[in-house]
Amino acid sequence: MPYFEPITGTGAERRDAFGATHNRTQPHRGGDWGFTNGSHRKPVTAVHDGIVTRVDYFAGMGHTVMVRNINGHEHLTIEYNHFDERSKLKRGDRVVGGETIIGLIGASGTYVQSKTAYHVHIAISTQPAPHMAARATLKDPFKLIDDHPATQPKKQATPRKKKATK
Ligand SMILES: [Zn+2]
């Protein structure tokens with residue numbers, strides 16, 4: 001099953017990689033994405049198919065959604081952090097990689113006041129709560145996406161409406 005980039009469109013970029021140590025007391029536990037122009041409240045879509053296991057708020061992580069992979073290579077939980085507001089998703093909801101909006105990009109739970117504040121942090125683990133998981137169980141999100149790329153974007157253009165015939 002493919003993995004998708006969580007944000008797309010003008011200015012969407014990968015930022016800090018898994019394991020990055022710059023300006024950190026511990027190596028980065030996930031991967032970060034944001035927009036070069038500092039956009040926020042832009043949709044973050046699922047990087048993989050799954051079932052929502054938790055929608056919550058955590059100190060330092062902000063508005064969070066955890067999704068357990070289905071049909072994956074391993075049983076992994078993908079955690080998305082720092083959304084602008086609580087996700088509309090609920091525990092048990094099915095999400096589709098490349099399609100389902102998990103939340104809106106924000107900076108909740110962060111203390112940085114700059115245009116780079118708005119980002120989504122994604123952590124992936126074989127344990128059910130990646131931000132609390134043992135380091136050895138964490139996966140590199142950029143690498144998972146690169147190793148299992150979606151061959152074509154799932155997002156379809158809105159079909160043009162047929163002219164009504166009277
Ligand atoms: Zn991060």
# chains A, B, ... in the order shown; residues from 1 in each chain; ligands from 1

call {"tool": "residues_near_ligand", "arguments": {"ligand": "ligand 1", "cutoff": "12 Å", "atoms": "only C-alpha atoms and all ligand atoms", "output": "PyMOL selection string"}}
result
chain A and resi 14-24+26-34+60-62+79-82+107+109-110+116-124+131+140-142

call {"tool": "write_last_selection", "arguments": {"atoms": "N, CA and C atoms", "output": "CSV table (one decimal), in the first residue's frame"}}
result
chain,number,residue,atom,x,y,z
A,14,ARG,N,9.0,19.5,2.6
A,14,ARG,CA,9.5,18.7,3.8
A,14,ARG,C,10.5,19.6,4.5
A,15,ARG,N,10.4,19.5,5.9
A,15,ARG,CA,11.3,20.2,6.7
A,15,ARG,C,12.2,19.3,7.5
A,16,ASP,N,12.2,19.4,8.8
A,16,ASP,CA,13.1,18.6,9.6
A,16,ASP,C,12.9,17.1,9.4
A,17,ALA,N,14.0,16.4,9.1
A,17,ALA,CA,13.9,14.9,8.9
A,17,ALA,C,13.9,14.2,10.2
A,18,PHE,N,13.5,12.9,10.1
A,18,PHE,CA,13.6,12.0,11.3
A,18,PHE,C,15.1,11.9,11.7
A,19,GLY,N,15.3,12.1,13.0
A,19,GLY,CA,16.7,11.9,13.5
A,19,GLY,C,17.5,13.2,13.5
A,20,ALA,N,16.9,14.3,13.0
A,20,ALA,CA,17.6,15.6,12.9
A,20,ALA,C,18.0,16.0,14.3
A,21,THR,N,19.1,16.6,14.5
A,21,THR,CA,19.6,17.0,15.9
A,21,THR,C,19.7,18.5,16.0
A,22,HIS,N,19.7,19.2,14.9
A,22,HIS,CA,19.9,20.7,15.0
A,22,HIS,C,18.9,21.3,15.9
A,23,ASN,N,19.4,22.2,16.8
A,23,ASN,CA,18.5,22.9,17.8
A,23,ASN,C,17.6,22.0,18.6
A,24,ARG,N,18.1,20.8,18.9
A,24,ARG,CA,17.3,19.8,19.6
A,24,ARG,C,18.1,19.2,20.7
A,26,GLN,N,17.0,16.2,21.8
A,26,GLN,CA,17.0,14.8,21.4
A,26,GLN,C,16.8,14.7,19.9
A,27,PRO,N,17.3,13.7,19.2
A,27,PRO,CA,17.0,13.5,17.8
A,27,PRO,C,15.5,13.6,17.5
A,28,HIS,N,15.2,14.2,16.4
A,28,HIS,CA,13.8,14.4,15.9
A,28,HIS,C,13.1,13.0,15.8
A,29,ARG,N,11.9,12.9,16.4
A,29,ARG,CA,11.2,11.6,16.5
A,29,ARG,C,10.2,11.4,15.3
A,30,GLY,N,10.1,12.4,14.4
A,30,GLY,CA,9.3,12.2,13.2
A,30,GLY,C,9.8,13.0,12.1
A,31,GLY,N,8.9,13.3,11.1
A,31,GLY,CA,9.2,14.2,10.0
A,31,GLY,C,8.3,15.4,10.1
A,32,ASP,N,8.8,16.5,9.6
A,32,ASP,CA,8.0,17.7,9.6
A,32,ASP,C,7.7,18.2,8.1
A,33,TRP,N,6.5,18.8,7.9
A,33,TRP,CA,6.1,19.4,6.7
A,33,TRP,C,5.5,20.7,7.0
A,34,GLY,N,5.7,21.7,6.0
A,34,GLY,CA,5.1,23.0,6.2
A,34,GLY,C,5.1,23.7,4.8
A,60,GLY,N,2.8,20.0,24.2
A,60,GLY,CA,4.0,19.9,23.3
A,60,GLY,C,3.6,19.4,21.9
A,61,MET,N,2.5,18.6,21.8
A,61,MET,CA,2.2,18.1,20.5
A,61,MET,C,0.9,18.7,20.0
A,62,GLY,N,0.1,19.4,20.8
A,62,GLY,CA,-1.0,20.1,20.3
A,62,GLY,C,-2.2,19.1,19.9
A,79,GLU,N,1.0,9.1,13.8
A,79,GLU,CA,0.5,10.2,14.6
A,79,GLU,C,0.8,11.6,13.9
A,80,TYR,N,-0.3,12.4,13.9
A,80,TYR,CA,-0.2,13.8,13.3
A,80,TYR,C,-0.4,14.8,14.4
A,81,ASN,N,0.5,15.8,14.4
A,81,ASN,CA,0.5,16.8,15.5
A,81,ASN,C,0.4,18.2,15.0
A,82,HIS,N,0.1,19.1,16.0
A,82,HIS,CA,0.1,20.6,15.9
A,82,HIS,C,-1.0,21.1,15.0
A,107,ALA,N,-0.1,25.3,14.6
A,107,ALA,CA,1.1,25.4,15.5
A,107,ALA,C,0.7,25.0,16.9
A,109,GLY,N,0.5,23.5,20.4
A,109,GLY,CA,1.5,22.7,21.2
A,109,GLY,C,2.9,23.1,21.0
A,110,THR,N,3.1,24.1,20.1
A,110,THR,CA,4.5,24.6,19.8
A,110,THR,C,4.7,26.0,20.5
A,116,THR,N,7.7,29.6,10.4
A,116,THR,CA,8.0,28.1,10.3
A,116,THR,C,7.2,27.4,11.5
A,117,ALA,N,6.5,28.2,12.3
A,117,ALA,CA,5.8,27.6,13.4
A,117,ALA,C,4.7,26.6,12.8
A,118,TYR,N,4.1,27.0,11.7
A,118,TYR,CA,3.0,26.2,11.2
A,118,TYR,C,3.5,25.0,10.4
A,119,HIS,N,3.3,23.8,11.0
A,119,HIS,CA,3.8,22.6,10.4
A,119,HIS,C,3.1,21.4,10.9
A,120,VAL,N,3.1,20.3,10.2
A,120,VAL,CA,2.6,19.1,10.8
A,120,VAL,C,3.8,18.2,11.1
A,121,HIS,N,3.8,17.6,12.2
A,121,HIS,CA,4.8,16.7,12.7
A,121,HIS,C,4.2,15.3,12.6
A,122,ILE,N,4.8,14.4,11.9
A,122,ILE,CA,4.3,13.0,11.8
A,122,ILE,C,5.2,12.0,12.3
A,123,ALA,N,4.8,11.2,13.3
A,123,ALA,CA,5.6,10.2,13.9
A,123,ALA,C,4.9,8.9,13.7
A,124,ILE,N,5.7,7.9,13.4
A,124,ILE,CA,5.2,6.5,13.0
A,124,ILE,C,5.9,5.5,13.9
A,131,HIS,N,4.2,9.4,20.0
A,131,HIS,CA,5.0,10.4,20.7
A,131,HIS,C,5.5,9.9,22.0
A,140,ASP,N,11.1,6.2,10.0
A,140,ASP,CA,11.3,7.5,9.3
A,140,ASP,C,10.2,7.7,8.3
A,141,PRO,N,9.4,8.7,8.6
A,141,PRO,CA,8.2,9.0,7.7
A,141,PRO,C,8.6,9.3,6.2
A,142,PHE,N,9.7,10.1,6.1
A,142,PHE,CA,10.1,10.5,4.7
A,142,PHE,C,10.5,9.2,3.9

call {"tool": "select_by_dssp", "arguments": {"residues": "stretch 10-163 of chain A", "states": "alpha helix (DSSP H)", "output": "PDB file with C-alpha atoms, in the first residue's frame"}}
result
ATOM      1  CA  PRO A 141       8.216   8.979   7.651  1.00  0.00           C
ATOM      2  CA  PHE A 142      10.118  10.474   4.700  1.00  0.00           C
ATOM      3  CA  LYS A 143      11.703   7.079   3.994  1.00  0.00           C
ATOM      4  CA  LEU A 144       8.379   5.204   4.215  1.00  0.00           C
ATOM      5  CA  ILE A 145       6.872   7.587   1.658  1.00  0.00           C
ATOM      6  CA  ASP A 146       9.929   7.333  -0.594  1.00  0.00           C
ATOM      7  CA  ASP A 147      10.043   3.529  -0.338  1.00  0.00           C
TER       8      ASP A 147
END

call {"tool": "residues_around", "arguments": {"residues": "A:Arg68", "least_positions_apart": "6", "cutoff": "8 Å", "atoms": "only C-alpha atoms", "output": "list in words"}}
result
Gly50, Ile51, Val52, Thr53, His75, Leu76, Thr77, Ile78 and Pro128 of chain A

call {"tool": "write_last_selection", "arguments": {"atoms": "N, CA and C atoms", "output": "PDB file, in the first residue's frame"}}
result
ATOM      1  N   GLY A  50      -6.100   3.883   6.942  1.00  0.00           N
ATOM      2  CA  GLY A  50      -6.109   3.428   8.335  1.00  0.00           C
ATOM      3  C   GLY A  50      -7.406   3.705   9.042  1.00  0.00           C
ATOM      4  N   ILE A  51      -7.391   3.429  10.340  1.00  0.00           N
ATOM      5  CA  ILE A  51      -8.536   3.643  11.224  1.00  0.00           C
ATOM      6  C   ILE A  51      -8.084   4.582  12.345  1.00  0.00           C
ATOM      7  N   VAL A  52      -8.877   5.618  12.601  1.00  0.00           N
ATOM      8  CA  VAL A  52      -8.534   6.569  13.668  1.00  0.00           C
ATOM      9  C   VAL A  52      -8.632   5.859  15.023  1.00  0.00           C
ATOM     10  N   THR A  53      -7.554   5.946  15.784  1.00  0.00           N
ATOM     11  CA  THR A  53      -7.560   5.316  17.111  1.00  0.00           C
ATOM     12  C   THR A  53      -7.657   6.344  18.228  1.00  0.00           C
ATOM     13  N   HIS A  75       1.964  -3.477  11.228  1.00  0.00           N
ATOM     14  CA  HIS A  75       0.958  -2.763  12.004  1.00  0.00           C
ATOM     15  C   HIS A  75       1.622  -1.526  12.601  1.00  0.00           C
ATOM     16  N   LEU A  76       1.333  -0.398  12.009  1.00  0.00           N
ATOM     17  CA  LEU A  76       1.957   0.845  12.438  1.00  0.00           C
ATOM     18  C   LEU A  76       0.880   1.838  12.852  1.00  0.00           C
ATOM     19  N   THR A  77       1.237   2.724  13.777  1.00  0.00           N
ATOM     20  CA  THR A  77       0.370   3.855  14.085  1.00  0.00           C
ATOM     21  C   THR A  77       1.050   5.115  13.585  1.00  0.00           C
ATOM     22  N   ILE A  78       0.280   5.924  12.876  1.00  0.00           N
ATOM     23  CA  ILE A  78       0.777   7.196  12.346  1.00  0.00           C
ATOM     24  C   ILE A  78       0.146   8.301  13.174  1.00  0.00           C
ATOM     25  N   PRO A 128       1.291   1.940  19.915  1.00  0.00           N
ATOM     26  CA  PRO A 128       0.042   2.659  19.639  1.00  0.00           C
ATOM     27  C   PRO A 128       0.072   4.178  19.834  1.00  0.00           C
TER      28      PRO A 128
END

call {"tool": "atom_distance", "arguments": {"atom1": "atom CA of A:Lys42", "atom2": "atom CA of A:Val112"}}
result
18.7 Å

call {"tool": "closest_residue", "arguments": {"among": "A:His48, A:Arg41, A:Arg135, A:His148", "to": "A:Ser87", "atoms": "only C-alpha atoms"}}
result
A:Arg41

call {"tool": "decode", "arguments": {"residues": "stretch 48-64 of chain A", "atoms": "N, CA and C atoms", "output": "mmCIF file, in the first residue's frame"}}
result
data_model
loop_
_atom_site.group_PDB
_atom_site.id
_atom_site.type_symbol
_atom_site.label_atom_id
_atom_site.label_comp_id
_atom_site.auth_asym_id
_atom_site.auth_seq_id
_atom_site.Cartn_x
_atom_site.Cartn_y
_atom_site.Cartn_z
ATOM 1 N N HIS A 48 -1.515 7.404 4.663
ATOM 2 C CA HIS A 48 -1.764 5.977 4.419
ATOM 3 C C HIS A 48 -3.178 5.651 4.874
ATOM 4 N N ASP A 49 -3.749 4.584 4.325
ATOM 5 C CA ASP A 49 -5.064 4.123 4.770
ATOM 6 C C ASP A 49 -5.002 3.699 6.238
ATOM 7 N N GLY A 50 -6.100 3.883 6.942
ATOM 8 C CA GLY A 50 -6.109 3.428 8.335
ATOM 9 C C GLY A 50 -7.406 3.705 9.042
ATOM 10 N N ILE A 51 -7.391 3.429 10.340
ATOM 11 C CA ILE A 51 -8.536 3.643 11.224
ATOM 12 C C ILE A 51 -8.084 4.582 12.345
ATOM 13 N N VAL A 52 -8.877 5.618 12.601
ATOM 14 C CA VAL A 52 -8.534 6.569 13.668
ATOM 15 C C VAL A 52 -8.632 5.859 15.023
ATOM 16 N N THR A 53 -7.554 5.946 15.784
ATOM 17 C CA THR A 53 -7.560 5.316 17.111
ATOM 18 C C THR A 53 -7.657 6.344 18.228
ATOM 19 N N ARG A 54 -7.291 7.611 17.952
ATOM 20 C CA ARG A 54 -7.323 8.611 19.015
ATOM 21 C C ARG A 54 -7.333 10.008 18.419
ATOM 22 N N VAL A 55 -8.181 10.888 18.981
ATOM 23 C CA VAL A 55 -8.186 12.316 18.652
ATOM 24 C C VAL A 55 -8.081 13.025 19.987
ATOM 25 N N ASP A 56 -6.992 13.784 20.182
ATOM 26 C CA ASP A 56 -6.734 14.301 21.528
ATOM 27 C C ASP A 56 -5.840 15.529 21.456
ATOM 28 N N TYR A 57 -5.559 16.116 22.632
ATOM 29 C CA TYR A 57 -4.627 17.241 22.723
ATOM 30 C C TYR A 57 -3.556 16.854 23.730
ATOM 31 N N PHE A 58 -2.291 17.029 23.359
ATOM 32 C CA PHE A 58 -1.184 16.708 24.253
ATOM 33 C C PHE A 58 -0.265 17.918 24.370
ATOM 34 N N ALA A 59 0.214 18.188 25.595
ATOM 35 C CA ALA A 59 1.186 19.263 25.792
ATOM 36 C C ALA A 59 2.388 19.007 24.888
ATOM 37 N N GLY A 60 2.816 20.047 24.195
ATOM 38 C CA GLY A 60 3.972 19.930 23.324
ATOM 39 C C GLY A 60 3.642 19.380 21.939
ATOM 40 N N MET A 61 2.535 18.650 21.831
ATOM 41 C CA MET A 61 2.170 18.050 20.545
ATOM 42 C C MET A 61 0.930 18.725 19.953
ATOM 43 N N GLY A 62 0.143 19.382 20.809
ATOM 44 C CA GLY A 62 -1.044 20.083 20.342
ATOM 45 C C GLY A 62 -2.151 19.130 19.913
ATOM 46 N N HIS A 63 -3.019 19.657 19.037
ATOM 47 C CA HIS A 63 -4.139 18.844 18.532
ATOM 48 C C HIS A 63 -3.578 17.696 17.700
ATOM 49 N N THR A 64 -3.974 16.494 18.079
ATOM 50 C CA THR A 64 -3.331 15.277 17.576
ATOM 51 C C THR A 64 -4.356 14.271 17.073
#
